[in-house]
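Peer 1: Sending over target-v5.csv (CSV, C-alpha atoms (C1' of nucleotides)).
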```
chain,number,residue,atom,x,y,z
A,1,MET,CA,16.4,-59.7,-10.5
A,2,VAL,CA,13.6,-57.8,-8.8
A,3,GLU,CA,15.4,-54.5,-9.6
A,4,SER,CA,15.5,-54.9,-13.4
A,5,SER,CA,11.9,-56.0,-13.7
A,6,LYS,CA,10.8,-53.1,-11.6
A,7,ILE,CA,12.8,-50.7,-13.8
A,8,LEU,CA,11.2,-52.2,-16.9
A,9,ARG,CA,7.8,-51.5,-15.5
A,10,GLU,CA,8.7,-48.1,-14.3
A,11,SER,CA,10.0,-47.1,-17.8
A,12,ALA,CA,6.5,-47.6,-19.2
A,13,ASP,CA,4.8,-46.0,-16.3
A,14,LEU,CA,2.7,-43.0,-17.2
A,15,ASP,CA,1.9,-40.1,-14.9
A,16,ASP,CA,-1.3,-38.1,-15.1
A,17,VAL,CA,0.2,-35.7,-17.7
A,18,ASP,CA,1.3,-38.5,-19.9
A,19,ARG,CA,-2.0,-40.2,-19.7
A,20,LYS,CA,-3.9,-37.1,-20.6
A,21,ILE,CA,-1.6,-36.5,-23.6
A,22,VAL,CA,-2.1,-40.0,-24.8
A,23,GLU,CA,-5.8,-39.6,-24.5
A,24,GLU,CA,-5.9,-36.3,-26.3
A,25,LEU,CA,-3.7,-37.5,-29.1
A,26,GLN,CA,-5.7,-40.6,-29.7
A,27,ALA,CA,-8.8,-38.4,-30.0
A,28,ASN,CA,-7.1,-35.9,-32.2
A,29,GLY,CA,-3.6,-36.8,-33.5
A,30,ARG,CA,-3.3,-33.5,-35.4
A,31,ILE,CA,-4.0,-31.1,-32.5
A,32,THR,CA,-1.4,-28.4,-32.2
A,33,ASN,CA,1.2,-28.7,-29.5
A,34,ALA,CA,0.0,-25.4,-28.1
A,35,GLU,CA,-3.6,-26.6,-27.9
A,36,LEU,CA,-2.5,-29.9,-26.4
A,37,ALA,CA,-0.5,-28.1,-23.8
A,38,ASP,CA,-3.5,-26.0,-22.8
A,39,ARG,CA,-5.8,-29.0,-22.5
A,40,VAL,CA,-3.3,-30.9,-20.4
A,41,GLY,CA,-2.4,-27.9,-18.3
A,42,VAL,CA,1.4,-27.7,-18.9
A,43,ALA,CA,3.7,-25.3,-20.8
A,44,ALA,CA,4.1,-25.8,-24.5
A,45,SER,CA,7.8,-26.6,-24.1
A,46,THR,CA,7.0,-29.2,-21.4
A,47,CYS,CA,4.3,-30.7,-23.6
A,48,ILE,CA,6.4,-31.2,-26.6
A,49,ALA,CA,9.1,-32.9,-24.5
A,50,ARG,CA,6.5,-35.2,-23.1
A,51,VAL,CA,5.2,-36.2,-26.5
A,52,ARG,CA,8.7,-36.9,-27.8
A,53,SER,CA,9.4,-39.0,-24.7
A,54,LEU,CA,6.2,-41.0,-25.3
A,55,VAL,CA,7.2,-41.6,-28.9
A,56,ALA,CA,10.8,-42.4,-27.9
A,57,ARG,CA,9.6,-44.9,-25.3
A,58,LYS,CA,7.3,-46.5,-28.0
A,59,ILE,CA,4.2,-45.9,-25.9
A,60,ILE,CA,3.0,-43.9,-28.9
A,61,THR,CA,4.0,-45.9,-31.9
A,62,GLY,CA,2.9,-43.5,-34.6
A,63,PHE,CA,0.3,-41.0,-35.9
A,64,THR,CA,-2.1,-41.9,-38.7
A,65,ALA,CA,-5.0,-40.5,-40.6
A,66,SER,CA,-8.0,-42.8,-40.6
A,67,VAL,CA,-9.4,-43.4,-44.1
A,68,ASP,CA,-12.9,-44.6,-44.8
A,69,PRO,CA,-12.5,-47.5,-47.3
A,70,ARG,CA,-15.9,-46.9,-48.7
A,71,ALA,CA,-14.9,-43.3,-49.6
A,72,ILE,CA,-12.3,-44.7,-52.0
A,73,GLY,CA,-14.5,-47.4,-53.6
A,74,LEU,CA,-13.8,-50.3,-51.3
A,75,ASP,CA,-17.4,-51.0,-50.5
A,76,LEU,CA,-17.0,-54.4,-48.9
A,77,GLU,CA,-15.1,-55.5,-45.8
A,78,VAL,CA,-14.7,-59.2,-44.9
A,79,LEU,CA,-12.9,-61.3,-42.3
A,80,VAL,CA,-11.3,-64.4,-43.6
A,81,SER,CA,-10.4,-67.1,-41.1
A,82,VAL,CA,-7.5,-69.3,-42.2
A,83,THR,CA,-6.3,-72.6,-41.0
A,84,VAL,CA,-2.8,-73.7,-41.9
A,85,ARG,CA,-2.0,-77.3,-42.9
A,86,SER,CA,-0.5,-79.2,-39.9
A,87,GLY,CA,3.1,-79.7,-40.8
A,88,ALA,CA,3.2,-76.3,-42.5
A,89,ARG,CA,3.1,-74.2,-39.3
A,90,GLN,CA,6.7,-73.1,-39.7
A,91,ARG,CA,5.6,-71.4,-42.9
A,92,ILE,CA,3.1,-69.2,-41.1
A,93,THR,CA,5.6,-66.3,-40.7
A,94,GLU,CA,6.5,-66.1,-44.3
A,95,LEU,CA,2.9,-66.4,-45.3
A,96,SER,CA,2.0,-63.6,-42.9
A,97,GLU,CA,4.7,-61.3,-44.4
A,98,GLU,CA,3.4,-62.0,-47.9
A,99,LEU,CA,-0.2,-61.3,-46.9
A,100,ARG,CA,0.7,-58.0,-45.1
A,101,GLY,CA,2.0,-56.6,-48.4
A,102,LEU,CA,-1.2,-57.0,-50.3
A,103,PRO,CA,-3.3,-53.8,-50.7
A,104,GLU,CA,-6.6,-55.5,-49.7
A,105,VAL,CA,-5.2,-56.5,-46.3
A,106,MET,CA,-6.1,-54.0,-43.6
A,107,GLN,CA,-5.4,-56.2,-40.6
A,108,LEU,CA,-3.8,-59.5,-39.8
A,109,PHE,CA,-4.4,-61.4,-36.6
A,110,PHE,CA,-2.0,-64.3,-36.0
A,111,LEU,CA,-3.9,-66.6,-33.6
A,112,GLY,CA,-3.6,-69.5,-31.2
A,113,GLY,CA,-6.5,-71.9,-31.4
A,114,VAL,CA,-8.4,-73.7,-34.2
A,115,GLU,CA,-7.8,-70.9,-36.7
A,116,ASP,CA,-4.3,-69.7,-37.3
A,117,PHE,CA,-5.0,-66.3,-38.9
A,118,ILE,CA,-7.8,-63.9,-39.4
A,119,ILE,CA,-7.4,-61.5,-42.3
A,120,HIS,CA,-9.4,-58.3,-42.4
A,121,LEU,CA,-9.9,-57.2,-46.0
A,122,ALA,CA,-11.3,-54.1,-47.7
A,123,VAL,CA,-12.3,-54.9,-51.3
A,124,ARG,CA,-14.5,-53.5,-54.1
A,125,ASP,CA,-17.1,-56.3,-54.2
A,126,SER,CA,-17.8,-60.0,-53.8
A,127,ASP,CA,-15.9,-60.8,-57.0
A,128,HIS,CA,-12.9,-59.1,-55.6
A,129,VAL,CA,-13.1,-61.3,-52.4
A,130,ARG,CA,-13.4,-64.4,-54.4
A,131,ASP,CA,-10.4,-63.4,-56.5
A,132,PHE,CA,-8.3,-62.6,-53.4
A,133,VAL,CA,-9.1,-66.0,-51.7
A,134,VAL,CA,-8.5,-68.0,-54.9
A,135,GLU,CA,-5.3,-66.2,-55.8
A,136,HIS,CA,-3.7,-65.8,-52.4
A,137,LEU,CA,-5.2,-68.4,-50.1
A,138,SER,CA,-6.8,-71.5,-51.7
A,139,ALA,CA,-3.9,-71.9,-54.0
A,140,HIS,CA,-1.3,-71.7,-51.2
A,141,PRO,CA,0.2,-75.1,-50.3
A,142,ALA,CA,0.4,-74.2,-46.6
A,143,ILE,CA,-3.3,-73.4,-46.3
A,144,SER,CA,-5.8,-76.0,-45.3
A,145,SER,CA,-9.1,-74.1,-45.2
A,146,THR,CA,-10.6,-70.7,-45.2
A,147,ARG,CA,-13.9,-69.2,-44.0
A,148,THR,CA,-15.2,-65.8,-45.1
A,149,SER,CA,-17.6,-63.6,-43.2
A,150,ILE,CA,-19.1,-60.2,-44.3
A,151,VAL,CA,-18.4,-57.3,-42.0
A,152,PHE,CA,-21.6,-55.4,-41.5
A,153,SER,CA,-20.0,-52.8,-39.3
A,154,HIS,CA,-16.7,-52.2,-37.7
A,155,HIS,CA,-15.8,-50.0,-34.7
A,156,GLN,CA,-12.4,-49.0,-33.5
A,157,ASN,CA,-11.8,-47.6,-30.0
A,158,PRO,CA,-8.8,-45.8,-28.6
A,159,VAL,CA,-6.6,-47.8,-26.2
A,160,ARG,CA,-7.8,-47.0,-22.8
A,161,MET,CA,-6.1,-47.3,-19.4
A,162,GLN,CA,-7.6,-50.0,-17.1
A,163,GLY,CA,-7.5,-51.0,-13.5
B,1,MET,CA,-30.6,-42.2,-62.6
B,2,VAL,CA,-27.2,-42.6,-64.2
B,3,GLU,CA,-26.4,-38.9,-63.4
B,4,SER,CA,-26.8,-39.1,-59.6
B,5,SER,CA,-24.9,-42.3,-59.2
B,6,LYS,CA,-22.1,-40.8,-61.2
B,7,ILE,CA,-22.2,-37.6,-59.1
B,8,LEU,CA,-22.0,-39.7,-56.0
B,9,ARG,CA,-19.0,-41.6,-57.2
B,10,GLU,CA,-17.3,-38.4,-58.5
B,11,SER,CA,-17.7,-36.7,-55.1
B,12,ALA,CA,-15.5,-39.3,-53.6
B,13,ASP,CA,-13.1,-39.4,-56.5
B,14,LEU,CA,-9.5,-38.5,-55.6
B,15,ASP,CA,-7.0,-37.0,-58.0
B,16,ASP,CA,-3.3,-37.7,-57.8
B,17,VAL,CA,-2.7,-34.9,-55.3
B,18,ASP,CA,-5.5,-36.2,-53.0
B,19,ARG,CA,-4.2,-39.7,-53.2
B,20,LYS,CA,-0.7,-38.7,-52.3
B,21,ILE,CA,-1.9,-36.6,-49.4
B,22,VAL,CA,-4.0,-39.5,-48.1
B,23,GLU,CA,-1.0,-41.8,-48.4
B,24,GLU,CA,1.4,-39.4,-46.6
B,25,LEU,CA,-1.0,-38.7,-43.8
B,26,GLN,CA,-1.7,-42.4,-43.2
B,27,ALA,CA,2.1,-42.9,-42.9
B,28,ASN,CA,2.6,-39.8,-40.7
B,29,GLY,CA,-0.5,-38.1,-39.4
B,30,ARG,CA,1.5,-35.4,-37.6
B,31,ILE,CA,3.6,-34.2,-40.5
B,32,THR,CA,3.5,-30.4,-40.8
B,33,ASN,CA,1.4,-28.9,-43.6
B,34,ALA,CA,4.5,-27.4,-45.1
B,35,GLU,CA,6.3,-30.7,-45.3
B,36,LEU,CA,3.3,-32.4,-46.7
B,37,ALA,CA,3.0,-29.7,-49.4
B,38,ASP,CA,6.6,-30.3,-50.3
B,39,ARG,CA,6.2,-34.0,-50.6
B,40,VAL,CA,3.1,-33.8,-52.6
B,41,GLY,CA,4.4,-30.9,-54.8
B,42,VAL,CA,1.8,-28.2,-54.2
B,43,ALA,CA,1.8,-24.9,-52.4
B,44,ALA,CA,1.2,-25.0,-48.6
B,45,SER,CA,-2.1,-23.0,-49.0
B,46,THR,CA,-3.3,-25.5,-51.7
B,47,CYS,CA,-2.3,-28.4,-49.5
B,48,ILE,CA,-4.2,-27.2,-46.4
B,49,ALA,CA,-7.3,-26.7,-48.5
B,50,ARG,CA,-7.0,-30.2,-49.9
B,51,VAL,CA,-6.6,-31.7,-46.5
B,52,ARG,CA,-9.7,-29.8,-45.2
B,53,SER,CA,-11.7,-31.0,-48.2
B,54,LEU,CA,-10.7,-34.6,-47.6
B,55,VAL,CA,-11.8,-34.3,-44.0
B,56,ALA,CA,-15.0,-32.5,-45.0
B,57,ARG,CA,-15.8,-35.2,-47.5
B,58,LYS,CA,-15.2,-37.8,-44.8
B,59,ILE,CA,-12.5,-39.5,-46.9
B,60,ILE,CA,-10.2,-38.9,-43.9
B,61,THR,CA,-12.3,-39.6,-40.8
B,62,GLY,CA,-9.9,-38.5,-38.2
B,63,PHE,CA,-6.3,-38.4,-37.0
B,64,THR,CA,-5.1,-40.6,-34.2
B,65,ALA,CA,-2.0,-41.5,-32.2
B,66,SER,CA,-1.4,-45.3,-32.2
B,67,VAL,CA,-0.7,-46.6,-28.7
B,68,ASP,CA,1.0,-49.9,-27.9
B,69,PRO,CA,-1.3,-51.7,-25.4
B,70,ARG,CA,1.7,-53.6,-23.9
B,71,ALA,CA,3.4,-50.3,-23.1
B,72,ILE,CA,0.5,-49.5,-20.7
B,73,GLY,CA,0.3,-52.9,-19.0
B,74,LEU,CA,-2.2,-54.5,-21.4
B,75,ASP,CA,-0.1,-57.6,-22.1
B,76,LEU,CA,-2.7,-59.8,-23.6
B,77,GLU,CA,-4.8,-59.4,-26.7
B,78,VAL,CA,-7.6,-61.8,-27.6
B,79,LEU,CA,-10.4,-62.2,-30.1
B,80,VAL,CA,-13.8,-63.3,-28.8
B,81,SER,CA,-16.3,-64.7,-31.3
B,82,VAL,CA,-19.8,-64.3,-30.1
B,83,THR,CA,-23.0,-66.0,-31.3
B,84,VAL,CA,-26.3,-64.4,-30.4
B,85,ARG,CA,-29.3,-66.5,-29.4
B,86,SER,CA,-31.7,-66.8,-32.3
B,87,GLY,CA,-34.7,-64.7,-31.4
B,88,ALA,CA,-32.5,-62.1,-29.8
B,89,ARG,CA,-31.0,-60.8,-33.0
B,90,GLN,CA,-32.8,-57.5,-32.7
B,91,ARG,CA,-30.8,-56.9,-29.6
B,92,ILE,CA,-27.5,-57.0,-31.3
B,93,THR,CA,-27.4,-53.2,-31.8
B,94,GLU,CA,-27.9,-52.4,-28.2
B,95,LEU,CA,-25.4,-55.1,-27.2
B,96,SER,CA,-22.9,-53.7,-29.6
B,97,GLU,CA,-23.3,-50.1,-28.1
B,98,GLU,CA,-22.8,-51.5,-24.7
B,99,LEU,CA,-19.6,-53.4,-25.6
B,100,ARG,CA,-18.1,-50.4,-27.5
B,101,GLY,CA,-18.2,-48.5,-24.2
B,102,LEU,CA,-16.0,-51.0,-22.3
B,103,PRO,CA,-12.3,-50.0,-22.0
B,104,GLU,CA,-11.1,-53.5,-22.9
B,105,VAL,CA,-12.7,-53.3,-26.3
B,106,MET,CA,-10.4,-52.1,-29.0
B,107,GLN,CA,-12.5,-53.3,-32.0
B,108,LEU,CA,-15.8,-54.7,-32.7
B,109,PHE,CA,-16.7,-56.5,-35.9
B,110,PHE,CA,-20.5,-57.0,-36.5
B,111,LEU,CA,-20.7,-60.0,-38.9
B,112,GLY,CA,-22.9,-62.0,-41.1
B,113,GLY,CA,-22.4,-65.7,-40.9
B,114,VAL,CA,-22.2,-68.3,-38.1
B,115,GLU,CA,-20.7,-65.8,-35.7
B,116,ASP,CA,-22.5,-62.5,-35.0
B,117,PHE,CA,-19.6,-60.5,-33.5
B,118,ILE,CA,-15.9,-60.6,-33.1
B,119,ILE,CA,-14.6,-58.6,-30.2
B,120,HIS,CA,-10.9,-57.6,-30.1
B,121,LEU,CA,-9.8,-57.1,-26.5
B,122,ALA,CA,-6.7,-55.7,-24.9
B,123,VAL,CA,-6.4,-56.9,-21.3
B,124,ARG,CA,-3.8,-57.4,-18.5
B,125,ASP,CA,-3.8,-61.2,-18.3
B,126,SER,CA,-5.9,-64.3,-18.7
B,127,ASP,CA,-7.8,-63.6,-15.4
B,128,HIS,CA,-8.9,-60.4,-17.0
B,129,VAL,CA,-10.2,-62.1,-20.1
B,130,ARG,CA,-12.2,-64.6,-18.0
B,131,ASP,CA,-13.6,-61.7,-15.9
B,132,PHE,CA,-14.6,-59.8,-19.0
B,133,VAL,CA,-16.3,-62.9,-20.6
B,134,VAL,CA,-18.1,-63.8,-17.5
B,135,GLU,CA,-19.3,-60.3,-16.7
B,136,HIS,CA,-20.2,-59.0,-20.1
B,137,LEU,CA,-20.9,-62.0,-22.3
B,138,SER,CA,-21.8,-65.3,-20.6
B,139,ALA,CA,-24.2,-63.5,-18.3
B,140,HIS,CA,-25.9,-61.7,-21.1
B,141,PRO,CA,-29.4,-63.1,-22.0
B,142,ALA,CA,-28.9,-62.5,-25.8
B,143,ILE,CA,-25.7,-64.4,-26.0
B,144,SER,CA,-25.7,-68.0,-27.0
B,145,SER,CA,-22.0,-68.9,-27.1
B,146,THR,CA,-18.5,-67.4,-27.1
B,147,ARG,CA,-15.1,-68.6,-28.3
B,148,THR,CA,-11.8,-67.0,-27.2
B,149,SER,CA,-8.5,-67.0,-29.2
B,150,ILE,CA,-5.2,-65.6,-28.2
B,151,VAL,CA,-3.7,-63.0,-30.5
B,152,PHE,CA,0.0,-63.8,-31.0
B,153,SER,CA,0.5,-60.8,-33.2
B,154,HIS,CA,-1.5,-58.2,-34.9
B,155,HIS,CA,-0.7,-56.0,-37.9
B,156,GLN,CA,-2.5,-53.0,-39.2
B,157,ASN,CA,-1.9,-51.6,-42.6
B,158,PRO,CA,-2.9,-48.3,-44.2
B,159,VAL,CA,-5.9,-48.3,-46.5
B,160,ARG,CA,-4.5,-48.6,-50.0
B,161,MET,CA,-6.0,-47.7,-53.3
B,162,GLN,CA,-6.8,-50.7,-55.5
B,163,GLY,CA,-7.6,-51.4,-59.1
C,1,DC,C1',-8.9,-24.0,-58.0
C,2,DA,C1',-4.0,-22.8,-57.2
C,3,DT,C1',-0.7,-19.5,-55.8
C,4,DG,C1',2.4,-16.1,-53.3
C,5,DA,C1',2.7,-12.9,-49.8
C,6,DA,C1',1.5,-10.9,-45.4
C,7,DA,C1',-0.2,-11.3,-40.8
C,8,DT,C1',-1.0,-14.4,-37.2
C,9,DT,C1',0.2,-18.6,-34.6
C,10,DA,C1',2.9,-22.4,-33.4
C,11,DT,C1',7.3,-24.7,-32.6
C,12,DT,C1',11.3,-25.3,-30.3
C,13,DA,C1',16.1,-24.3,-28.2
C,14,DC,C1',17.8,-22.8,-24.2
C,15,DG,C1',18.7,-20.5,-19.8
C,16,DA,C1',16.9,-20.2,-15.1
C,17,DA,C1',14.6,-22.0,-11.2
D,1,DT,C1',11.6,-31.7,-15.0
D,2,DT,C1',9.3,-27.6,-15.6
D,3,DC,C1',8.9,-23.1,-17.3
D,4,DG,C1',9.2,-18.5,-19.9
D,5,DT,C1',11.3,-16.3,-23.5
D,6,DA,C1',13.0,-15.3,-27.9
D,7,DA,C1',14.2,-16.8,-32.5
D,8,DT,C1',12.6,-19.6,-36.1
D,9,DA,C1',9.1,-21.8,-38.6
D,10,DA,C1',4.4,-23.0,-39.9
D,11,DT,C1',-0.3,-21.8,-40.6
D,12,DT,C1',-3.8,-19.4,-42.7
D,13,DT,C1',-6.2,-15.5,-45.0
D,14,DC,C1',-6.8,-13.2,-49.0
D,15,DA,C1',-6.0,-10.8,-53.4
D,16,DT,C1',-4.7,-12.2,-57.9
D,17,DG,C1',-4.1,-15.2,-61.9
```
I need this file expressed as structure tokens, please.

Peer 2:
Amino acid sequence: MVESSKILRESADLDDVDRKIVEELQANGRITNAELADRVGVAASTCIARVRSLVARKIITGFTASVDPRAIGLDLEVLVSVTVRSGARQRITELSEELRGLPEVMQLFFLGGVEDFIIHLAVRDSDHVRDFVVEHLSAHPAISSTRTSIVFSHHQNPVRMQG
Amino acid sequence: MVESSKILRESADLDDVDRKIVEELQANGRITNAELADRVGVAASTCIARVRSLVARKIITGFTASVDPRAIGLDLEVLVSVTVRSGARQRITELSEELRGLPEVMQLFFLGGVEDFIIHLAVRDSDHVRDFVVEHLSAHPAISSTRTSIVFSHHQNPVRMQG
DNA sequence: CATGAAATTATTACGAA
DNA sequence: TTCGTAATAATTTCATG
């Protein structure tokens, strides 16, 4: 089925206009359509159709405001590495769902390797970390061990085209 | 200086309207101001002033489109843990600046603990990971060791109020 | 600070190329 | 698909409470 795999790749293929739109919207997701159209060099009506197509094709998965955790009293970020008890691996999915719902959890990486998860937390202080780990991790029957590291700084980049 | 520390905290303090705006804009950063005002229950002119204040106070640090790396041919995500050579710790800052500029790097966590960094990469395939590690990490004089883990899945949550 | 109203801009269907 | 246009809708300034 060479055809269908080619079609699948083509459907995600971005031309120069799409690429520029994606770049601009990653840098400023609240830019007006008119301004975006100007920057990209197409008509406003073309631009809005392109943006909708990018969203419909799930190339753009959403638009979000970035919030500084420190600005709302969450002064401490940590990464917690978690190892799941062998024989409880089938419970990883339900555990991950549970963790995702907790307000402290900013990110969850489900991994292959020695560690099964890494949890990125934003919390008030070190007492809050301890409470989180005790309540949601140490006590959990599927969890074998955890390791907590302080995050001194954290940078997030836009997704960039490569190759 | 009880006063000044109180003032600092107050300046970041959000009332119910601010909290609702932050929540809505994290869920949909491209919502119109009119719609946002409706949802929050204030006049459009009030709403836009609140949003600007949140941005001016750096509570909202930006607005971005979320892009699916797989949709643009970056089919593999990995975390690379990096340990810096003791005696080269003062070079961590410059190394981090260098890494941030690379297109593969989506996130960079600068840590306290056994590992000094964790790098979150989006790449084409395993050859691409190997090339990245060889070119930018193994060869670097400040780097002592690296460990790479495949990311099976990755979830990102909005920042949520706590307490 | 918040609001409503007025003026300015932006969004968006749609017809034509 | 792209564009220009025209109607609709949103944004933003500002005077007033």

Peer 1: Would you kindly report the residues of chain A within 7 Å of chain B, using all atoms listed in the file, as a compact mmCIF listing (two decimals) with C-alpha atoms, in the coordinates of the input?

Peer 2:
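Done, and the output landed in part.txt:
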```txt
# COMPACT_ATOMS: atom_id res chain seq x y z
CA ALA A 12 6.50 -47.60 -19.20
CA LEU A 25 -3.70 -37.50 -29.10
CA GLN A 26 -5.70 -40.60 -29.70
CA ALA A 27 -8.80 -38.40 -30.00
CA ASN A 28 -7.10 -35.90 -32.20
CA GLY A 29 -3.60 -36.80 -33.50
CA ARG A 30 -3.30 -33.50 -35.40
CA ILE A 59 4.20 -45.90 -25.90
CA ILE A 60 3.00 -43.90 -28.90
CA THR A 61 4.00 -45.90 -31.90
CA GLY A 62 2.90 -43.50 -34.60
CA PHE A 63 0.30 -41.00 -35.90
CA THR A 64 -2.10 -41.90 -38.70
CA ALA A 65 -5.00 -40.50 -40.60
CA SER A 66 -8.00 -42.80 -40.60
CA VAL A 67 -9.40 -43.40 -44.10
CA ASP A 68 -12.90 -44.60 -44.80
CA PRO A 69 -12.50 -47.50 -47.30
CA ALA A 71 -14.90 -43.30 -49.60
CA ILE A 72 -12.30 -44.70 -52.00
CA PRO A 103 -3.30 -53.80 -50.70
CA VAL A 105 -5.20 -56.50 -46.30
CA MET A 106 -6.10 -54.00 -43.60
CA GLN A 107 -5.40 -56.20 -40.60
CA LEU A 108 -3.80 -59.50 -39.80
CA PHE A 109 -4.40 -61.40 -36.60
CA PHE A 110 -2.00 -64.30 -36.00
CA LEU A 111 -3.90 -66.60 -33.60
CA GLY A 112 -3.60 -69.50 -31.20
CA GLY A 113 -6.50 -71.90 -31.40
CA SER A 149 -17.60 -63.60 -43.20
CA ILE A 150 -19.10 -60.20 -44.30
CA VAL A 151 -18.40 -57.30 -42.00
CA PHE A 152 -21.60 -55.40 -41.50
CA SER A 153 -20.00 -52.80 -39.30
CA HIS A 154 -16.70 -52.20 -37.70
CA HIS A 155 -15.80 -50.00 -34.70
CA GLN A 156 -12.40 -49.00 -33.50
CA ASN A 157 -11.80 -47.60 -30.00
CA PRO A 158 -8.80 -45.80 -28.60
CA VAL A 159 -6.60 -47.80 -26.20
CA ARG A 160 -7.80 -47.00 -22.80
CA GLN A 162 -7.60 -50.00 -17.10
```

Peer 1: May I ask you to extract the residues of chain C within 9 Å of chain B, using only C-alpha atoms (C1' of nucleotides), and to give them as a list in words?

Peer 2: DC1, DA2, DT3 and DG4 of chain C

Peer 1: Taking all atoms listed in the file into account, report as a list in words which residues of chain D lie within 12 Å of chain B.

Peer 2: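 Close enough to count are DA9, DA10, DT11, DT12, DT13 and DC14 of chain D.
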
Peer 1: Report, in Å with one decimal, the straight-line distance from atom C1' of DT9 of chain C to atom C1' of DG4 of chain D.

Peer 2: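 The value is 17.2 Å.
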
Peer 1: In Å, with one decimal, what is the gap from atom CA of Val82 of chain A to atom CA of His136 of chain B?

Peer 2: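 Going from atom CA of Val82 of chain A over to atom CA of His136 of chain B, I get 27.5 Å.
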
Peer 1: Give me, as JSON, numbers by chain, all polymer residues having an atom no more than 12 Å from Gly87 of chain B, counting all atoms listed in the file and skipping those fewer than 4 positions away in the same chain.

Peer 2: {"B": [83, 91, 92, 141, 142, 143, 144]}

Peer 1: Please identify all polymer residues within 12 Å of Asp127 of chain B, counting all atoms listed in the file, omitting same-chain residues fewer than 5 positions from it, and present them as a PyMOL selection string.

Peer 2: chain B and resi 75-76+132-134

Peer 1: Please measure the separation of atom C1' of DG17 of chain D and atom CA of Gly41 of chain B, giving the value in Å to one decimal.

Peer 2: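 Between these atoms lies a distance of 19.2 Å.
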